[in-house]
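Colleague: Got a structure for you, protein_11.csv, holding CSV, C-alpha atoms.
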```
chain,number,residue,atom,x,y,z
A,45,MET,CA,-11.9,6.1,43.7
A,46,HIS,CA,-9.6,8.9,45.0
A,47,ARG,CA,-10.9,12.4,44.7
A,48,LEU,CA,-8.7,15.1,43.2
A,49,PRO,CA,-7.3,17.4,45.9
A,50,LYS,CA,-8.8,20.9,46.1
A,51,SER,CA,-5.8,22.6,47.5
A,52,ASN,CA,-2.0,22.6,47.2
A,53,GLU,CA,-1.8,20.0,49.9
A,54,CYS,CA,-2.2,16.4,49.0
A,55,SER,CA,-4.8,15.0,51.3
A,56,ASP,CA,-4.9,11.4,52.5
A,57,THR,CA,-7.7,9.0,51.9
A,58,LYS,CA,-7.8,6.1,54.3
A,59,GLY,CA,-4.1,6.6,55.0
A,60,GLN,CA,-3.0,6.7,51.4
A,61,LYS,CA,-1.6,9.7,49.5
A,62,CYS,CA,-3.0,10.5,46.1
A,63,GLY,CA,0.4,9.8,44.5
A,64,SER,CA,0.1,6.1,45.6
A,65,LYS,CA,-3.5,5.8,44.7
A,66,ILE,CA,-4.4,4.5,41.2
A,67,PHE,CA,-7.0,6.7,39.5
A,68,SER,CA,-9.9,5.1,37.6
A,69,ASN,CA,-10.1,5.6,33.9
A,70,ARG,CA,-13.1,8.0,34.5
A,71,ALA,CA,-11.0,10.3,36.7
A,72,LEU,CA,-8.2,10.4,34.2
A,73,PHE,CA,-10.7,11.0,31.4
A,74,ASP,CA,-12.1,14.0,33.3
A,75,VAL,CA,-8.6,15.4,33.8
A,76,CYS,CA,-7.7,15.0,30.1
A,77,ARG,CA,-10.9,16.6,28.9
A,78,LYS,CA,-10.2,19.8,30.7
A,79,PHE,CA,-9.2,22.6,28.3
A,80,GLN,CA,-5.6,23.7,28.2
A,81,GLY,CA,-6.0,26.7,30.6
A,82,GLY,CA,-7.9,24.5,33.0
A,83,ILE,CA,-5.2,22.0,33.2
A,84,GLY,CA,-2.6,24.7,33.7
A,85,ARG,CA,-4.6,26.2,36.6
A,86,PHE,CA,-5.1,22.8,38.2
A,87,LEU,CA,-1.4,22.0,38.0
A,88,LYS,CA,-0.4,25.6,38.7
A,89,VAL,CA,1.8,25.9,35.5
A,90,SER,CA,1.5,28.1,32.5
A,91,ASP,CA,-0.7,27.3,29.5
A,92,VAL,CA,2.4,27.2,27.3
A,93,ALA,CA,3.9,24.5,29.5
A,94,VAL,CA,0.8,22.4,29.1
A,95,TYR,CA,0.8,22.9,25.4
A,96,LYS,CA,4.4,21.8,25.1
A,97,TRP,CA,3.8,18.8,27.3
A,98,ILE,CA,0.8,17.7,25.2
A,99,LYS,CA,2.7,18.3,21.9
A,100,LYS,CA,5.8,16.4,23.1
A,101,TYR,CA,3.7,13.5,24.3
A,102,ALA,CA,1.6,13.3,21.1
A,103,GLU,CA,4.8,13.3,19.0
A,104,SER,CA,5.9,10.2,20.9
A,105,LEU,CA,2.8,8.2,20.0
A,106,GLU,CA,2.9,5.5,17.4
A,107,ARG,CA,1.1,6.1,14.1
A,108,PRO,CA,-1.7,3.7,13.2
A,109,LYS,CA,-0.7,1.0,10.8
A,110,ILE,CA,-2.4,0.9,7.4
A,111,PRO,CA,-4.0,-2.6,7.3
A,112,MET,CA,-3.3,-4.9,4.5
A,113,PRO,CA,-6.1,-5.7,2.0
A,114,SER,CA,-6.4,-9.2,3.5
A,115,GLU,CA,-7.2,-7.5,6.8
A,116,THR,CA,-9.4,-4.7,5.7
A,117,VAL,CA,-11.1,-5.2,2.3
A,118,THR,CA,-13.8,-2.5,2.6
A,119,ILE,CA,-12.9,1.1,3.5
A,120,VAL,CA,-15.3,4.0,4.2
A,121,LEU,CA,-13.9,7.4,3.1
A,122,ASP,CA,-15.2,10.8,4.2
A,123,GLU,CA,-14.1,14.4,4.9
A,124,MET,CA,-14.7,16.7,7.7
A,125,TRP,CA,-13.9,20.5,7.8
A,126,HIS,CA,-11.9,22.5,10.3
A,127,PHE,CA,-10.4,25.9,10.5
A,128,VAL,CA,-6.7,26.8,10.9
A,129,ASN,CA,-5.6,30.4,11.7
A,130,GLY,CA,-9.1,31.8,11.6
A,131,LYS,CA,-12.5,31.0,10.1
A,132,PRO,CA,-11.6,32.1,6.5
A,133,ASN,CA,-9.0,29.3,6.3
A,134,LYS,CA,-10.9,26.1,6.0
A,135,VAL,CA,-9.0,22.8,5.8
A,136,TRP,CA,-10.4,19.3,5.2
A,137,ILE,CA,-9.6,16.1,7.2
A,138,TRP,CA,-9.9,13.1,5.0
A,139,LYS,CA,-10.5,9.9,6.9
A,140,ALA,CA,-10.3,6.2,6.2
A,141,TYR,CA,-12.6,4.1,8.3
A,142,ASP,CA,-12.7,0.4,8.9
A,143,PRO,CA,-16.4,-0.5,9.3
A,144,VAL,CA,-15.6,-4.0,10.8
A,145,LYS,CA,-13.2,-2.8,13.5
A,146,LYS,CA,-15.2,0.4,13.8
A,147,GLN,CA,-12.2,2.7,13.8
A,148,THR,CA,-10.5,5.4,11.7
A,149,PHE,CA,-7.0,4.1,10.9
A,150,ALA,CA,-5.7,6.9,8.6
A,151,TRP,CA,-6.3,10.6,7.9
A,152,LYS,CA,-4.9,13.3,5.8
A,153,ILE,CA,-5.2,17.1,6.2
A,154,GLY,CA,-5.4,19.4,3.2
A,155,LYS,CA,-7.8,20.8,0.6
A,156,ARG,CA,-11.0,19.2,-0.6
A,157,ASN,CA,-9.8,18.5,-4.1
A,158,LYS,CA,-8.7,15.7,-6.4
A,159,GLU,CA,-5.0,16.2,-5.7
A,160,THR,CA,-5.3,15.7,-1.9
A,161,LEU,CA,-7.5,12.6,-2.4
A,162,LYS,CA,-5.0,11.2,-4.8
A,163,GLU,CA,-2.2,11.5,-2.3
A,164,PHE,CA,-4.4,9.9,0.4
A,165,LEU,CA,-5.4,7.0,-1.8
A,166,ALA,CA,-1.7,6.4,-2.6
A,167,GLU,CA,-1.0,6.2,1.2
A,168,ILE,CA,-3.8,3.7,2.0
A,169,GLY,CA,-3.7,1.7,-1.3
A,170,VAL,CA,-6.5,1.1,-3.8
A,171,GLU,CA,-5.6,-2.3,-5.1
A,172,GLU,CA,-7.8,-5.2,-3.9
A,173,ARG,CA,-10.0,-2.9,-1.8
A,174,ASP,CA,-13.6,-1.8,-2.0
A,175,PHE,CA,-14.6,1.7,-1.1
A,176,VAL,CA,-17.7,3.3,0.3
A,177,THR,CA,-18.0,7.1,-0.1
A,178,ASP,CA,-20.4,9.9,-0.7
A,179,ASP,CA,-21.0,11.2,-4.2
A,180,TYR,CA,-18.1,13.7,-4.3
A,181,GLU,CA,-16.9,13.7,-8.0
A,182,ALA,CA,-13.2,13.1,-7.2
A,183,TYR,CA,-14.0,9.6,-5.8
A,184,HIS,CA,-15.5,8.6,-9.1
A,185,GLN,CA,-12.4,9.9,-10.9
A,186,LEU,CA,-9.8,8.2,-8.8
A,187,ILE,CA,-11.5,4.9,-7.7
A,188,PRO,CA,-12.5,2.2,-10.2
A,189,GLU,CA,-16.3,2.1,-10.5
A,190,ALA,CA,-16.3,-1.7,-9.9
A,191,ARG,CA,-14.6,-1.0,-6.5
A,192,LEU,CA,-16.8,2.0,-5.5
A,193,ARG,CA,-20.2,2.2,-3.8
A,194,THR,CA,-21.6,5.7,-3.1
A,195,GLY,CA,-24.4,7.2,-1.0
A,196,LYS,CA,-24.8,9.2,2.2
A,197,ASP,CA,-26.8,6.3,3.7
A,198,LEU,CA,-23.8,4.0,3.3
A,199,THR,CA,-21.4,6.4,5.0
A,200,TYR,CA,-23.3,6.6,8.3
A,201,PRO,CA,-20.7,4.8,10.4
A,202,ILE,CA,-17.9,7.3,9.5
A,203,GLY,CA,-20.3,10.2,10.0
A,204,GLN,CA,-20.8,9.0,13.5
A,205,ASP,CA,-17.0,8.8,13.9
A,206,ASN,CA,-16.8,12.4,12.8
A,207,SER,CA,-19.4,13.3,15.4
A,208,ASN,CA,-17.3,11.6,18.1
A,209,THR,CA,-14.2,13.5,16.9
A,210,ARG,CA,-16.1,16.8,17.4
A,211,HIS,CA,-17.4,15.7,20.7
A,212,TYR,CA,-14.2,14.6,22.3
A,213,VAL,CA,-11.8,17.2,20.9
A,214,GLY,CA,-12.7,20.8,21.7
A,215,ARG,CA,-10.9,22.3,18.7
A,216,PHE,CA,-13.2,20.4,16.3
A,217,LYS,CA,-16.6,21.5,17.8
A,218,ARG,CA,-18.8,23.1,15.2
A,219,ARG,CA,-19.8,26.2,17.2
A,220,ALA,CA,-16.6,26.8,19.0
A,221,LYS,CA,-14.8,30.1,18.6
A,222,THR,CA,-11.5,28.4,18.8
A,223,THR,CA,-9.6,27.5,15.7
A,224,SER,CA,-6.3,25.7,15.4
A,225,ARG,CA,-3.1,27.6,14.9
A,226,CYS,CA,-1.2,25.0,12.8
A,227,ILE,CA,-2.0,21.9,10.9
A,228,LYS,CA,0.5,19.8,12.9
A,229,MET,CA,-1.6,20.2,16.1
A,230,VAL,CA,-4.7,19.2,14.2
A,231,ASP,CA,-2.9,16.0,13.2
A,232,LEU,CA,-1.5,15.4,16.7
A,233,SER,CA,-5.0,15.9,18.2
A,234,LEU,CA,-6.4,13.2,15.9
A,235,LEU,CA,-3.5,10.9,16.9
A,236,ILE,CA,-4.2,11.4,20.6
A,237,LEU,CA,-7.9,10.7,20.0
A,238,TYR,CA,-7.0,7.5,18.1
A,239,HIS,CA,-5.0,6.1,21.0
A,240,PHE,CA,-7.6,7.3,23.5
A,241,GLN,CA,-10.3,5.4,21.7
A,242,HIS,CA,-8.4,2.3,20.5
A,243,GLY,CA,-5.2,2.0,22.5
A,244,ASN,CA,-3.9,2.2,26.1
A,245,LEU,CA,-3.5,6.0,26.2
A,246,LEU,CA,-5.0,6.4,29.7
A,247,GLU,CA,-2.8,3.7,31.2
A,248,SER,CA,0.4,5.2,29.6
A,249,MET,CA,-0.5,8.7,30.9
A,250,GLN,CA,-1.4,7.4,34.4
A,251,SER,CA,2.1,7.5,35.8
A,252,ASN,CA,2.8,10.9,34.4
A,253,ILE,CA,-0.3,12.4,35.9
A,254,LEU,CA,0.2,10.8,39.3
A,255,GLN,CA,3.8,12.1,39.4
A,256,LEU,CA,2.4,15.6,39.0
A,257,LEU,CA,-0.2,15.1,41.7
A,258,SER,CA,2.1,13.4,44.2
```
Show this structure as structure tokens.
Modeller:
Amino acid sequence: MHRLPKSNECSDTKGQKCGSKIFSNRALFDVCRKFQGGIGRFLKVSDVAVYKWIKKYAESLERPKIPMPSETVTIVLDEMWHFVNGKPNKVWIWKAYDPVKKQTFAWKIGKRNKETLKEFLAEIGVEERDFVTDDYEAYHQLIPEARLRTGKDLTYPIGQDNSNTRHYVGRFKRRAKTTSRCIKMVDLSLLILYHFQHGNLLESMQSNILQLLS
């Protein structure tokens, strides 16, 4: 595996320049996990340039497809909190999780209320599906009881998924001082994470990163 150069010069390794050397997924992962300012210093560009590059790339990513009831019968629903424009402004990220494929395939950002949940259910569909949730009252009001199972012990898989979200994306860490500036970037961060975990994000980014390093 090629080591990242420590200076402006691109050093050779066994006669090969780093631009022609394929980085391992681990190396790309390490680069991608650096905070925005760190990437800017590494590439010697401004933080704003890095922000715009990430935003533009995220906007080009394909949205997850909502599976048909024949593909995913049981859906686990849960919410996780986040802050936008300061700690007083709490928003909620509603997630729909497939316990068989072990992935979140849809999310909605808004308030923790019946209206937001109603909009989210309209997007993913209620007919011919079973739902597993916690005991939040709005679930009982909007999902037929025959299709609903509740209990914190049943939502453990999506709780673990929420934990992974906070682990991999710095803006979601519980004790971080950083808050998001806009809801759109919260959404795009979740989209990047989805493709990182379940798609070929590293492979698609590989050529872009190598061009910057060559």
Colleague: Could you check which of A:Asp91, A:Glu172, A:Glu103, A:Glu163 is closest to Val117 in chain A, using only C-alpha atoms?
Modeller: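 Checking each candidate against Val117 in chain A, we get A:Glu172 as the closest.
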Colleague: As a ChimeraX atom specification, please: the residues near Ile202 in chain A (cut-off 9 Å, all atoms listed in the file, same-chain neighbours under 6 positions excluded).
Modeller: /A:120-122,139-143,146-148
Colleague: One decimal, in Å: what's the spacing between CA of Val94 in chain A and CA of Pro108 in chain A?
Modeller: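 Distance reported for this atom pair: 24.7 Å.
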Colleague: What lies within 9 Å of range 176-188 of chain A using all atoms listed in the file, ignoring chain neighbours under 2 positions off, as number ranges by chain?
Modeller: A: 118-122, 157-159, 161-162, 165, 170, 174, 190-199
Colleague: Restricting the calculation to all atoms listed in the file, which member of A:Arg210, A:Glu189, A:Ala102, A:Phe164 is positioned closest to Asp231 in chain A?
Modeller: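 That would be A:Ala102, the residue with the smallest distance to Asp231 in chain A.
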Colleague: Which neighbours of range 236-240 of chain A fall inside 9 Å, counting only C-alpha atoms, when residues of the same chain fewer than 2 positions from it are skipped, and could you give them as a PDB file with C-alpha atoms, keeping the file's coordinate frame?
Modeller:
```
ATOM      1  CA  TYR A 101       3.700  13.500  24.300  1.00  0.00           C
ATOM      2  CA  ALA A 102       1.600  13.300  21.100  1.00  0.00           C
ATOM      3  CA  LEU A 105       2.800   8.200  20.000  1.00  0.00           C
ATOM      4  CA  GLU A 106       2.900   5.500  17.400  1.00  0.00           C
ATOM      5  CA  PRO A 108      -1.700   3.700  13.200  1.00  0.00           C
ATOM      6  CA  GLN A 147     -12.200   2.700  13.800  1.00  0.00           C
ATOM      7  CA  THR A 148     -10.500   5.400  11.700  1.00  0.00           C
ATOM      8  CA  PHE A 149      -7.000   4.100  10.900  1.00  0.00           C
ATOM      9  CA  THR A 209     -14.200  13.500  16.900  1.00  0.00           C
ATOM     10  CA  TYR A 212     -14.200  14.600  22.300  1.00  0.00           C
ATOM     11  CA  VAL A 213     -11.800  17.200  20.900  1.00  0.00           C
ATOM     12  CA  ASP A 231      -2.900  16.000  13.200  1.00  0.00           C
ATOM     13  CA  LEU A 232      -1.500  15.400  16.700  1.00  0.00           C
ATOM     14  CA  SER A 233      -5.000  15.900  18.200  1.00  0.00           C
ATOM     15  CA  LEU A 234      -6.400  13.200  15.900  1.00  0.00           C
ATOM     16  CA  HIS A 242      -8.400   2.300  20.500  1.00  0.00           C
ATOM     17  CA  GLY A 243      -5.200   2.000  22.500  1.00  0.00           C
ATOM     18  CA  ASN A 244      -3.900   2.200  26.100  1.00  0.00           C
ATOM     19  CA  LEU A 245      -3.500   6.000  26.200  1.00  0.00           C
ATOM     20  CA  LEU A 246      -5.000   6.400  29.700  1.00  0.00           C
TER      21      LEU A 246
END
```
Colleague: Within 12 Å of Asn133 in chain A, counting all atoms listed in the file, which residues qualify if same-chain residues fewer than 4 places away don't, as a PyMOL selection string?
Modeller: chain A and resi 125-129+154-155+223-227
Colleague: Do you have the CA of Ser207 in chain A-CA of Pro132 in chain A distance handy?
Modeller: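 Here the two named atoms are 22.2 Å from each other.
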